[in-house]
Structure formats: C-alpha cells, structure tokens
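target-v5.cif follows; it contains mmCIF, C-alpha atoms.
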```
data_entry
loop_
_atom_site.label_atom_id
_atom_site.label_comp_id
_atom_site.auth_asym_id
_atom_site.auth_seq_id
_atom_site.Cartn_x
_atom_site.Cartn_y
_atom_site.Cartn_z
CA MET A 1 -2.54 -13.75 -18.35
CA VAL A 2 -1.92 -11.29 -21.20
CA GLY A 3 -0.09 -8.94 -18.82
CA LEU A 4 2.11 -11.74 -17.51
CA GLY A 5 2.78 -12.75 -21.11
CA PHE A 6 3.90 -9.19 -21.92
CA SER A 7 6.25 -9.19 -18.94
CA ARG A 8 7.73 -12.49 -20.05
CA ILE A 9 8.22 -11.45 -23.69
CA LEU A 10 9.52 -7.94 -22.95
CA LYS A 11 11.48 -9.05 -19.84
CA ILE A 12 9.88 -6.44 -17.59
CA ASP A 13 8.20 -6.54 -14.18
CA ASN A 14 4.79 -8.21 -13.97
CA THR A 15 3.23 -4.92 -12.89
CA LEU A 16 4.42 -3.18 -16.04
CA GLY A 17 3.17 -6.04 -18.19
CA CYS A 18 -0.29 -5.88 -16.60
CA LEU A 19 -0.32 -2.09 -17.02
CA LEU A 20 0.45 -2.50 -20.73
CA ALA A 21 -2.34 -5.09 -21.02
CA GLY A 22 -4.78 -2.65 -19.43
CA VAL A 23 -3.71 0.19 -21.74
CA LEU A 24 -4.10 -2.09 -24.79
CA ALA A 25 -7.54 -3.17 -23.60
CA ALA A 26 -8.54 0.48 -23.11
CA PHE A 27 -7.81 1.11 -26.81
CA LEU A 28 -9.39 -2.08 -28.15
CA LEU A 29 -12.58 -2.40 -26.08
CA PRO A 30 -14.27 0.75 -27.48
CA VAL A 31 -13.57 -0.55 -31.00
CA ILE A 32 -15.65 -3.66 -30.36
CA ASP A 33 -18.17 -1.63 -28.33
CA TYR A 34 -17.67 -3.60 -25.11
CA ASP A 35 -18.38 -2.10 -21.68
CA THR A 36 -16.29 -3.51 -18.82
CA GLY A 37 -18.77 -2.31 -16.20
CA LEU A 38 -16.00 -0.62 -14.21
CA ARG A 39 -17.22 2.59 -12.59
CA ALA A 40 -15.50 4.88 -10.14
CA THR A 41 -18.47 4.52 -7.79
CA SER A 42 -17.99 0.74 -7.52
CA LEU A 43 -14.19 0.64 -7.39
CA ARG A 44 -14.04 1.64 -3.72
CA GLU A 45 -15.94 -1.48 -2.62
CA LEU A 46 -13.84 -3.68 -4.91
CA VAL A 47 -10.59 -2.19 -3.62
CA PHE A 48 -11.33 -2.05 0.09
CA PHE A 49 -13.37 -5.21 0.60
CA VAL A 50 -11.71 -7.55 -1.91
CA ILE A 51 -8.27 -6.44 -3.07
CA LEU A 52 -6.66 -4.70 -0.09
CA PRO A 53 -7.40 -7.45 2.50
CA VAL A 54 -5.70 -10.04 0.29
CA LEU A 55 -2.67 -7.85 -0.47
CA ILE A 56 -2.14 -6.86 3.17
CA PHE A 57 -2.66 -10.39 4.52
CA GLU A 58 -0.28 -11.84 1.89
CA SER A 59 2.45 -9.29 2.71
CA ALA A 60 2.10 -9.84 6.46
CA TRP A 61 2.11 -13.62 6.06
CA GLN A 62 5.45 -13.51 4.20
CA LEU A 63 7.26 -11.81 7.09
CA GLU A 64 9.48 -13.99 9.25
CA PRO A 65 8.34 -13.39 12.88
CA ARG A 66 11.79 -14.06 14.35
CA VAL A 67 13.51 -11.38 12.24
CA LEU A 68 10.52 -9.04 12.42
CA LYS A 69 10.81 -9.02 16.21
CA ARG A 70 14.39 -7.73 15.98
CA TRP A 71 13.47 -4.86 13.64
CA ILE A 72 10.01 -4.01 14.99
CA GLY A 73 11.24 -0.80 16.68
CA PRO A 74 12.73 0.83 13.53
CA ILE A 75 9.83 -0.45 11.44
CA LEU A 76 7.23 1.17 13.73
CA LEU A 77 9.25 4.40 13.83
CA PHE A 78 9.40 4.61 10.04
CA SER A 79 5.73 3.69 9.60
CA THR A 80 4.47 6.27 12.11
CA LEU A 81 6.76 9.29 12.43
CA GLY A 82 8.34 8.70 9.02
CA LEU A 83 4.94 8.29 7.37
CA ILE A 84 3.56 11.49 8.88
CA ILE A 85 6.66 13.48 7.86
CA CYS A 86 6.52 12.08 4.33
CA ALA A 87 2.78 12.68 3.91
CA PHE A 88 2.89 16.29 5.12
CA LEU A 89 5.98 17.12 3.06
CA ILE A 90 4.28 15.78 -0.08
CA ALA A 91 1.15 17.75 0.80
CA ALA A 92 3.08 21.00 1.30
CA ILE A 93 5.17 20.63 -1.88
CA THR A 94 2.20 19.76 -4.08
CA TYR A 95 -0.01 22.48 -2.58
CA TYR A 96 2.49 25.30 -3.04
CA GLY A 97 3.88 23.81 -6.26
CA ILE A 98 0.48 23.73 -7.97
CA GLY A 99 -0.47 27.06 -6.40
CA HIS A 100 -4.21 26.89 -7.11
CA PRO A 101 -6.05 26.93 -3.76
CA GLU A 102 -9.51 26.95 -5.36
CA GLY A 103 -8.95 23.94 -7.62
CA PHE A 104 -6.43 22.15 -5.40
CA PRO A 105 -7.04 23.06 -1.73
CA TRP A 106 -5.14 21.86 1.31
CA ILE A 107 -7.41 18.87 1.82
CA ALA A 108 -6.60 17.70 -1.73
CA ALA A 109 -2.90 18.06 -1.00
CA LEU A 110 -3.30 16.06 2.22
CA LEU A 111 -5.13 13.32 0.32
CA THR A 112 -2.28 13.22 -2.20
CA GLY A 113 0.27 13.03 0.61
CA SER A 114 -1.54 10.20 2.39
CA ILE A 115 -1.78 8.17 -0.84
CA LEU A 116 1.83 8.74 -1.96
CA ALA A 117 3.19 8.03 1.53
CA ALA A 118 2.41 4.33 0.95
CA THR A 119 5.46 2.50 -0.42
CA ASP A 120 5.60 -0.76 -2.34
CA PRO A 121 9.23 -1.86 -2.97
CA ILE A 122 8.33 -5.25 -4.45
CA SER A 123 10.88 -5.00 -7.27
CA VAL A 124 13.56 -3.95 -4.78
CA VAL A 125 12.70 -6.91 -2.55
CA ASN A 126 12.97 -9.28 -5.51
CA LYS A 127 16.40 -7.90 -6.40
CA LEU A 128 17.53 -8.14 -2.76
CA ARG A 129 16.57 -11.81 -2.80
CA GLN A 130 18.46 -12.33 -6.07
CA GLU A 131 21.57 -10.68 -4.61
CA LYS A 132 21.19 -12.74 -1.39
CA THR A 133 21.65 -9.69 0.83
CA GLY A 134 20.47 -11.34 4.05
CA GLU A 135 17.29 -11.62 6.06
CA ASP A 136 17.81 -8.47 8.16
CA LEU A 137 17.67 -5.99 5.28
CA LEU A 138 14.79 -7.93 3.72
CA ALA A 139 12.85 -7.86 6.99
CA LEU A 140 13.45 -4.11 7.39
CA VAL A 141 12.38 -3.23 3.83
CA GLU A 142 9.38 -5.59 3.72
CA GLY A 143 8.26 -4.85 7.28
CA GLU A 144 8.55 -1.09 6.86
CA SER A 145 6.57 -1.30 3.62
CA LEU A 146 3.80 -3.41 5.19
CA PHE A 147 3.34 -1.29 8.33
CA ASN A 148 3.74 1.86 6.24
CA ASP A 149 0.97 0.72 3.89
CA ALA A 150 -1.38 -0.16 6.73
CA ALA A 151 -0.83 3.19 8.47
CA ALA A 152 -1.17 5.05 5.14
CA VAL A 153 -4.57 3.42 4.52
CA VAL A 154 -5.72 4.55 7.97
CA LEU A 155 -4.44 8.09 7.34
CA TYR A 156 -6.05 8.12 3.89
CA SER A 157 -9.41 7.01 5.33
CA LEU A 158 -9.24 9.74 7.94
CA VAL A 159 -8.34 12.51 5.45
CA LEU A 160 -10.95 11.24 2.98
CA GLY A 161 -13.56 11.44 5.72
CA LEU A 162 -12.60 15.07 6.34
CA ALA A 163 -12.71 15.80 2.60
CA THR A 164 -16.19 14.33 2.10
CA TYR A 165 -17.31 16.05 5.31
CA SER A 166 -16.22 19.43 3.93
CA ILE A 167 -18.07 18.75 0.66
CA VAL A 168 -21.26 17.91 2.55
CA GLN A 169 -20.96 21.05 4.66
CA SER A 170 -20.41 23.24 1.61
CA THR A 171 -23.60 21.89 -0.02
CA SER A 172 -25.73 22.32 3.12
CA ALA A 173 -25.14 25.91 4.09
CA GLY A 174 -27.75 26.02 6.79
CA ALA A 175 -26.60 22.94 8.67
CA GLU A 176 -24.72 23.36 11.92
CA ALA A 177 -21.29 21.71 11.69
CA PRO A 178 -19.93 19.81 14.64
CA SER A 179 -16.55 21.09 15.83
CA LEU A 180 -13.42 19.33 14.62
CA SER A 181 -10.23 19.85 16.61
CA VAL A 182 -6.75 18.38 16.45
CA GLY A 183 -7.44 16.56 19.71
CA SER A 184 -10.63 14.94 18.47
CA VAL A 185 -9.01 13.88 15.19
CA THR A 186 -6.01 12.43 17.04
CA LEU A 187 -8.27 10.56 19.45
CA TYR A 188 -10.30 9.15 16.56
CA PHE A 189 -7.12 8.03 14.76
CA CYS A 190 -5.83 6.27 17.89
CA MET A 191 -9.18 4.55 18.46
CA ILE A 192 -9.42 3.08 14.97
CA PHE A 193 -5.68 2.24 14.84
CA PHE A 194 -5.34 0.49 18.20
CA GLY A 195 -8.86 -0.90 17.93
CA GLY A 196 -7.76 -2.62 14.72
CA ILE A 197 -4.74 -4.07 16.52
CA ILE A 198 -6.92 -5.51 19.31
CA VAL A 199 -9.41 -7.04 16.85
CA GLY A 200 -6.59 -8.50 14.75
CA LEU A 201 -4.88 -9.94 17.82
CA ILE A 202 -8.04 -11.69 19.00
CA LEU A 203 -8.86 -13.03 15.53
CA GLY A 204 -5.27 -14.20 15.03
CA LEU A 205 -5.43 -16.26 18.21
CA LEU A 206 -8.84 -17.65 17.27
CA THR A 207 -7.50 -18.55 13.81
CA THR A 208 -4.65 -20.44 15.43
CA LEU A 209 -7.03 -22.42 17.63
CA VAL A 210 -9.32 -23.28 14.70
CA ILE A 211 -6.43 -24.51 12.53
CA LEU A 212 -4.95 -26.58 15.34
CA PHE A 213 -8.38 -28.07 15.94
CA LEU A 214 -9.12 -28.92 12.28
CA ARG A 215 -5.60 -30.31 11.61
CA THR A 216 -5.78 -30.55 7.82
CA PRO A 217 -3.99 -28.41 5.18
CA SER A 218 -7.15 -27.74 3.15
CA ALA A 219 -9.13 -26.64 6.21
CA ALA A 220 -6.23 -24.46 7.39
CA LEU A 221 -6.04 -22.74 4.02
CA MET A 222 -9.79 -22.18 3.90
CA THR A 223 -9.67 -20.71 7.42
CA LEU A 224 -6.93 -18.27 6.47
CA VAL A 225 -8.76 -17.06 3.36
CA ILE A 226 -12.01 -16.60 5.29
CA VAL A 227 -10.30 -14.73 8.12
CA ALA A 228 -8.48 -12.43 5.66
CA PHE A 229 -11.82 -11.10 4.40
CA GLY A 230 -13.75 -11.61 7.64
CA SER A 231 -11.31 -9.70 9.85
CA PHE A 232 -11.55 -6.68 7.56
CA TYR A 233 -15.36 -6.74 7.39
CA LEU A 234 -15.79 -7.31 11.13
CA ALA A 235 -13.40 -4.51 12.09
CA GLU A 236 -14.51 -1.99 9.45
CA ASN A 237 -18.28 -2.45 9.22
CA ILE A 238 -19.31 -3.84 12.59
CA LEU A 239 -16.75 -2.59 15.14
CA HIS A 240 -15.82 0.58 13.20
CA VAL A 241 -12.08 0.30 13.66
CA SER A 242 -9.32 -0.09 11.06
CA GLY A 243 -9.93 -3.16 8.94
CA ILE A 244 -6.48 -2.98 7.33
CA ILE A 245 -4.70 -2.90 10.70
CA SER A 246 -6.89 -5.79 11.83
CA VAL A 247 -5.98 -7.88 8.75
CA MET A 248 -2.26 -7.15 9.16
CA THR A 249 -2.23 -7.96 12.89
CA CYS A 250 -4.27 -11.13 12.38
CA ALA A 251 -1.82 -12.42 9.75
CA ILE A 252 1.27 -11.66 11.84
CA VAL A 253 -0.16 -13.20 15.02
CA SER A 254 -1.44 -16.37 13.33
CA ARG A 255 1.82 -16.82 11.39
CA ALA A 256 3.86 -16.44 14.60
CA CYS A 257 1.66 -18.85 16.56
CA LEU A 258 1.63 -21.43 13.76
CA ARG A 259 5.33 -21.26 12.84
CA LYS A 260 5.85 -24.93 13.80
CA GLN A 261 3.07 -26.02 11.44
CA ARG A 262 4.57 -24.53 8.24
CA LYS A 263 5.45 -27.98 6.88
CA THR A 264 2.32 -29.74 8.13
CA TYR A 265 -1.06 -27.96 8.18
CA LEU A 266 0.30 -24.84 6.42
CA VAL A 267 2.21 -26.57 3.65
CA ASP A 268 -0.04 -24.99 1.00
CA ALA A 269 -0.38 -21.56 2.62
CA GLU A 270 2.65 -19.74 1.21
CA PRO A 271 2.24 -20.75 -2.46
CA THR A 272 -1.48 -19.99 -2.27
CA TRP A 273 -0.98 -16.52 -0.83
CA GLU A 274 1.78 -15.92 -3.36
CA TRP A 275 -0.49 -16.52 -6.36
CA LEU A 276 -3.37 -14.66 -4.74
CA GLY A 277 -1.08 -11.66 -4.23
CA LEU A 278 0.07 -11.89 -7.86
CA LEU A 279 -3.54 -12.16 -9.08
CA PHE A 280 -4.85 -9.12 -7.22
CA THR A 281 -1.75 -7.03 -7.95
CA SER A 282 -2.24 -7.83 -11.63
CA ILE A 283 -5.91 -6.84 -11.42
CA ILE A 284 -5.03 -3.46 -9.88
CA PHE A 285 -2.52 -2.59 -12.61
CA VAL A 286 -4.83 -3.78 -15.38
CA ILE A 287 -7.52 -1.46 -13.98
CA MET A 288 -4.94 1.34 -13.87
CA GLY A 289 -4.20 0.71 -17.54
CA LEU A 290 -7.92 0.76 -18.34
CA VAL A 291 -8.59 4.14 -16.67
CA ILE A 292 -5.37 5.95 -17.59
CA THR A 293 -5.90 8.42 -20.42
CA PHE A 294 -3.77 10.44 -22.82
CA GLU A 295 -5.43 13.62 -21.51
CA MET A 296 -3.80 13.03 -18.12
CA PHE A 297 -0.38 13.61 -19.67
CA THR A 298 -1.44 16.57 -21.80
CA HIS A 299 -3.49 18.39 -19.14
CA GLN A 300 -1.81 17.32 -15.90
CA TRP A 301 1.85 16.90 -16.91
CA LEU A 302 3.07 19.70 -14.63
CA ALA A 303 1.13 18.33 -11.65
CA MET A 304 2.64 14.89 -12.36
CA LEU A 305 6.17 16.34 -12.35
CA ILE A 306 5.52 18.24 -9.11
CA ALA A 307 4.08 15.12 -7.45
CA THR A 308 7.03 12.98 -8.59
CA ALA A 309 9.56 15.49 -7.22
CA ALA A 310 7.55 15.75 -4.00
CA ALA A 311 7.36 11.97 -3.56
CA LEU A 312 11.11 11.51 -4.12
CA GLY A 313 12.16 14.43 -1.93
CA ALA A 314 9.75 13.69 0.91
CA ARG A 315 10.72 10.02 1.06
CA ALA A 316 14.44 10.84 1.11
CA LEU A 317 14.05 13.53 3.78
CA SER A 318 11.84 11.36 5.99
CA VAL A 319 14.43 8.54 5.88
CA VAL A 320 17.26 11.00 6.65
CA LEU A 321 15.37 12.44 9.63
CA VAL A 322 14.07 9.18 11.11
CA ALA A 323 17.00 6.78 10.49
CA PRO A 324 19.31 8.29 13.18
CA LEU A 325 16.57 7.76 15.78
CA THR A 326 16.31 4.01 15.15
CA ARG A 327 19.35 3.26 17.33
CA PHE A 328 17.20 4.14 20.36
CA VAL A 329 14.57 1.50 19.51
CA GLY A 330 16.54 -1.20 17.72
CA PRO A 331 19.61 -1.93 15.58
CA PRO A 332 21.18 1.09 13.82
CA ILE A 333 20.67 1.51 10.08
CA SER A 334 23.79 2.04 7.98
CA LYS A 335 24.12 4.78 5.37
CA PRO A 336 23.95 2.37 2.39
CA TRP A 337 20.72 0.95 3.80
CA ARG A 338 19.31 4.47 4.20
CA LEU A 339 20.14 5.31 0.59
CA LEU A 340 18.49 2.12 -0.62
CA MET A 341 15.36 2.79 1.48
CA SER A 342 15.15 6.32 0.05
CA TRP A 343 15.48 5.36 -3.62
CA GLY A 344 13.73 2.02 -3.15
CA GLY A 345 10.58 3.53 -1.64
CA LEU A 346 8.58 2.92 -4.81
CA ARG A 347 4.91 3.75 -5.13
CA GLY A 348 2.93 0.84 -6.46
CA VAL A 349 -0.15 -1.26 -5.91
CA ILE A 350 -1.37 0.31 -2.63
CA ALA A 351 -1.12 3.86 -3.99
CA VAL A 352 -2.98 2.82 -7.16
CA ALA A 353 -5.62 0.98 -5.12
CA LEU A 354 -6.24 4.00 -2.89
CA VAL A 355 -6.47 6.54 -5.69
CA LEU A 356 -8.86 4.30 -7.64
CA SER A 357 -11.19 4.40 -4.64
CA LEU A 358 -11.45 8.22 -4.61
CA PRO A 359 -15.09 9.39 -4.83
CA VAL A 360 -15.82 11.28 -8.05
CA GLU A 361 -17.85 13.77 -6.01
CA LEU A 362 -14.56 15.38 -4.98
CA PRO A 363 -13.88 18.11 -7.57
CA TYR A 364 -10.12 17.42 -7.57
CA TRP A 365 -10.23 13.61 -7.81
CA TRP A 366 -8.98 13.50 -11.41
CA THR A 367 -6.02 15.75 -10.60
CA ILE A 368 -4.99 13.52 -7.70
CA GLN A 369 -5.44 10.37 -9.80
CA SER A 370 -3.28 11.81 -12.58
CA MET A 371 -0.55 12.79 -10.10
CA VAL A 372 -0.49 9.38 -8.44
CA PHE A 373 -0.42 7.59 -11.79
CA GLY A 374 2.52 9.76 -12.84
CA VAL A 375 4.47 8.92 -9.68
CA VAL A 376 3.72 5.20 -10.01
CA LEU A 377 4.89 5.19 -13.64
CA PHE A 378 8.14 6.89 -12.61
CA SER A 379 8.60 4.33 -9.84
CA LEU A 380 8.09 1.41 -12.22
CA LEU A 381 10.11 2.76 -15.16
CA VAL A 382 12.99 4.49 -13.36
CA GLN A 383 13.32 3.48 -9.71
CA GLY A 384 12.38 -0.17 -10.24
CA THR A 385 14.74 -0.65 -13.17
CA THR A 386 17.74 1.03 -11.51
CA SER A 387 17.45 -0.42 -7.99
CA GLY A 388 19.45 -3.54 -8.92
CA ARG A 389 22.42 -1.48 -10.03
CA LEU A 390 22.17 0.60 -6.86
CA ILE A 391 22.25 -2.54 -4.69
CA ARG A 392 25.35 -3.81 -6.47
CA LYS A 393 27.07 -0.41 -6.35
CA LEU A 394 26.43 -0.01 -2.63
CA GLU A 395 27.77 -3.56 -2.09
CA ILE A 396 25.01 -4.24 0.42
#
```
Give the structure from the file, written as structure tokens.
Amino acid sequence: MVGLGFSRILKIDNTLGCLLAGVLAAFLLPVIDYDTGLRATSLRELVFFVILPVLIFESAWQLEPRVLKRWIGPILLFSTLGLIICAFLIAAITYYGIGHPEGFPWIAALLTGSILAATDPISVVNKLRQEKTGEDLLALVEGESLFNDAAAVVLYSLVLGLATYSIVQSTSAGAEAPSLSVGSVTLYFCMIFFGGIIVGLILGLLTTLVILFLRTPSAALMTLVIVAFGSFYLAENILHVSGIISVMTCAIVSRACLRKQRKTYLVDAEPTWEWLGLLFTSIIFVIMGLVITFEMFTHQWLAMLIATAAALGARALSVVLVAPLTRFVGPPISKPWRLLMSWGGLRGVIAVALVLSLPVELPYWWTIQSMVFGVVLFSLLVQGTTSGRLIRKLEI
C-alpha cells in the first residue's frame, strides 16, 4: 500500500513506487531492529511456487485468443529464436566486457543472458492502451512478452542446473561426472518444454469441464486459482516438466474454451487476476528494494553499465534479425513496430524474480544480481518513461 501511495503522490509507475517503499523499509527496519525473515535460501521457493505461477497465469489470461491466433507465428519465432539470440548475445557481451573468467565464467554470463532475455513491457502496454493503438500491436507485444518470459524461465532453469552441477563437481574431485553433450541438453530442453505444453493442455481442458459443471462464478474463480498453483506443482515436482509452460498453456486453453462464459461464470475472473497480478508484482519490487544495497553501485557500477548496454544491444539486434522472418509465419511487422519492440523490451518483474532465486552457493550470484538490478532500474527510469513519447512520435 505504501508503494502504491508513493506512485500516486509522485505520479510514477506502481513498480517504481513499490521499489521506493522497499528501499525506505531497508533503511528503517534496522533502526527499529526488525528482521523481515527474508533469506536468499527461501526466496527461490517463494518466487517459483507462489509468485511466478500467478504472474504467468494472469498474463496468459489477459490475452485475447482470437487475436493471439493471428499472431502466434511471429510470437513463437520471437520467443524461441529471438530469445536464444538475445540470451547468447548478452552472455557474450557481459563475459568479454567484464573480462574476468575466474570471477565471472561463461556459465555466469549464460545465467545473466537467460535472466535478462525475459522482457516485461507492462508500462509500454499501458501506454499503448492509452493511445488506443489497436488490438494487433497489443497482442503482439503482450503475447511476445508472455511466451518470451515462459521460455526464459525454462532456459534459466536449464542453465542454473548446469551451474549448480559444475559447483558440485568442483567440490567432489573424485566423483565421476556423467557426460553432458549438446544433444543431451537439447533433448532435455525439448522434453521439459513440450512436456509442459501437454500437461497444460490437459489441465486446461479439465479446468473447462470443472467450471462448466460447477456453473457458479465463485466456484469458477476458486478453480482457476487452484489450477494456477496446482498446474505448476504437478508439472514441476511430480512430472518433472516445465511448470511455467504448463501454467501458461493451461491459462490460454481454459480462456479460449471458456470465452463464451466471460460475462456469466467468469464475470469476476479478470478483475481478480488483475489485482492478484498487481499484488505479486508489488511484492517482487518491494523485495528488490529491501535487498538492493549502496555497495552494488559502488562496487559493481561497471558491470551494471556493461549489462545495460548488452541488454539494449542484444534486444535490438534480435528484433532486427528475427522480424524479417515473421512474414513466413504470419503477418509482417512494420519498421515502427520493430523500433517499439526494441526500445520497449523492458526488463522487469520476471527478471527480478529470477535473479532473487539465485542460490548463494554460486560465487558470482551477487555480481549477477547487481547487474540485473542495474538493467531493471534503467528500464524503469529511462525506457519506461520515454516509451510514450516514442509511440506518439512513431504515430503507431
């Protein structure tokens, strides 16, 4: 509430207001000797099992299935090929830019790339709605962000597994390491990615049947909330496939199947998911404010600048390379749209959520966290505040 109050008084985005509230709390809480109980070891469970399922389900639920179907080809192209290009470009630029292989090895650079490849153009979407630009551009920007985030979480989980694996192997010198090849990693990625799609598809259809059977708004809403958490837990912990992909697919399938019930059984669904999304986004940025420190800017300022330049350049280059290919899989994307997607590819709540879940056992976790925080701050303070003028100048 304090963060939302700051945003109202200062006329800034809600995310910035919550960040300021977290920073203020970080200064005041030690004065009154109060311990929040937040620890890096517990943040991963909070982020992955509570916050991310709600944020992904809420974003997927907001998409209009009819318009999404028209742009699904370009969206998938950007969130697969574009994501991989962006992640590896960020990794290469940060690795060679920092130039410290012992303290910041390739696996750390790949982790940074997978985190910063996730985009969150919420402020751009809000300004597009204010300018009434049309449903096609909104569907492209929102859909690309959603699928991009889901794929980035899968890539992050895979790279994090390799990073923790390398740490374990370095501490157990006598253990025999199983072989890891490009083929085995690719096969594993495909299994968890498409496995998540299958689980989400089945659960989305089951959700539809349950809601149509219960036939009341309160029961429908309760079913959606349960399935948002349940689909992630079932996929991730029991079936060992991607929980995020499962949540996203479940939301899209159930929304498409229940489109005729939006004003009957689902009359309360959209406002409920809207405030849930606002709540958990606020929590993430308050936590960011609590853990951000002055030492990050004094010790890691150069790494922050390198990461910011890498994130901007990699996003722009990935859009330039992928956009011409979209005409083979869907409608072509105009040059003004490409420019908006490049500058409007902000890093926000998903990037913060992922970096907060980094294990502290990784020796370079603080460097990566500082870099991601620096990029997110640039996105909020510069990209987010100038995107409205860019939209008007491009006359989109």
### Task
Please write the residues picked by the PyMOL selection byres ((chain A and resi 74) around 9) on this file as a PyMOL selection string.
chain A and resi 71-73+75-79+140+144+322-323+325-333
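Once the PyMOL selection byres ((chain A and resi 24-27) around 9) is applied to this file, the selection holds A:Leu19, A:Leu20, A:Ala21, A:Gly22, A:Val23, A:Leu28, A:Leu29, A:Pro30, A:Val31, A:Val286, A:Gly289, A:Leu290, A:Val291, A:Ile292, A:Thr293.
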#### Entry: Explicit residue set for the PyMOL selection byres ((chain A and resi 137) around 12), as a PyMOL selection string
chain A and resi 67-68+70-71+74-75+124-125+127-129+131-136+138-144+331-334+336-338+340-341+391+396
### Å distance separating atom CA of A:Ser342 from atom CA of A:Thr308, one decimal place
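Computing the Euclidean distance for atom CA of A:Ser342 and atom CA of A:Thr308 yields 13.6 Å.
Residue nearest A:Gly243, chosen from A:Met304, A:Phe229, A:Glu395, A:Tyr188 and counting all atoms listed in the file: A:Phe229.
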List every residue of stretch 83-152 of chain A that has an atom at most 10 Å from any atom of stretch 355-369 of chain A, giving for each one its closest atom pair and the distance in Å to one decimal, counting all atoms listed in the file, sorted by chain and then by ascending residue number, as a Markdown table.
```
| residue | atom | partner | partner_atom | distance |
| --- | --- | --- | --- | --- |
| A:Glu102 | CA | A:Tyr364 | CA | 9.8 |
| A:Gly103 | CA | A:Tyr364 | CA | 6.6 |
| A:Phe104 | CA | A:Tyr364 | CA | 6.4 |
| A:Pro105 | CA | A:Tyr364 | CA | 8.7 |
| A:Ile107 | CA | A:Tyr364 | CA | 9.9 |
| A:Ala108 | CA | A:Tyr364 | CA | 6.8 |
| A:Ala109 | CA | A:Ile368 | CA | 8.4 |
| A:Leu111 | CA | A:Ile368 | CA | 8.0 |
| A:Thr112 | CA | A:Ile368 | CA | 6.1 |
| A:Gly113 | CA | A:Ile368 | CA | 9.8 |
| A:Ile115 | CA | A:Val355 | CA | 6.9 |
| A:Leu116 | CA | A:Val355 | CA | 9.4 |
```
### Task
Give me the residues within 12 Å of A:Ser282 as an NGL selection string, counting only C-alpha atoms and dropping any in the same chain fewer than 2 places off.
:A and (1-5 or 7 or 13-22 or 51 or 55 or 275-280 or 284-289 or 348-349 or 352-353)
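Across A:Ala269, A:Val210, A:Leu380, A:Met248, the tightest approach to A:Ala228 is made by A:Met248 when counting all atoms listed in the file.
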### Task
Find the distance between atom CA of A:Ala117 and atom CA of A:Ala87 and write it in Å to one decimal.
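One can read the atom CA of A:Ala117 to atom CA of A:Ala87 distance as 5.2 Å.
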### A:Ala60 surroundings by all atoms listed in the file, 7 Å radius, close-in-sequence under 6 positions cut, as a ChimeraX atom specification
/A:146,248,251-252
### Task
Have a look at A:Tyr265, A:Ile245, A:Leu187, A:Leu63 and name the one nearest to A:Thr223; count only C-alpha atoms.
A:Tyr265
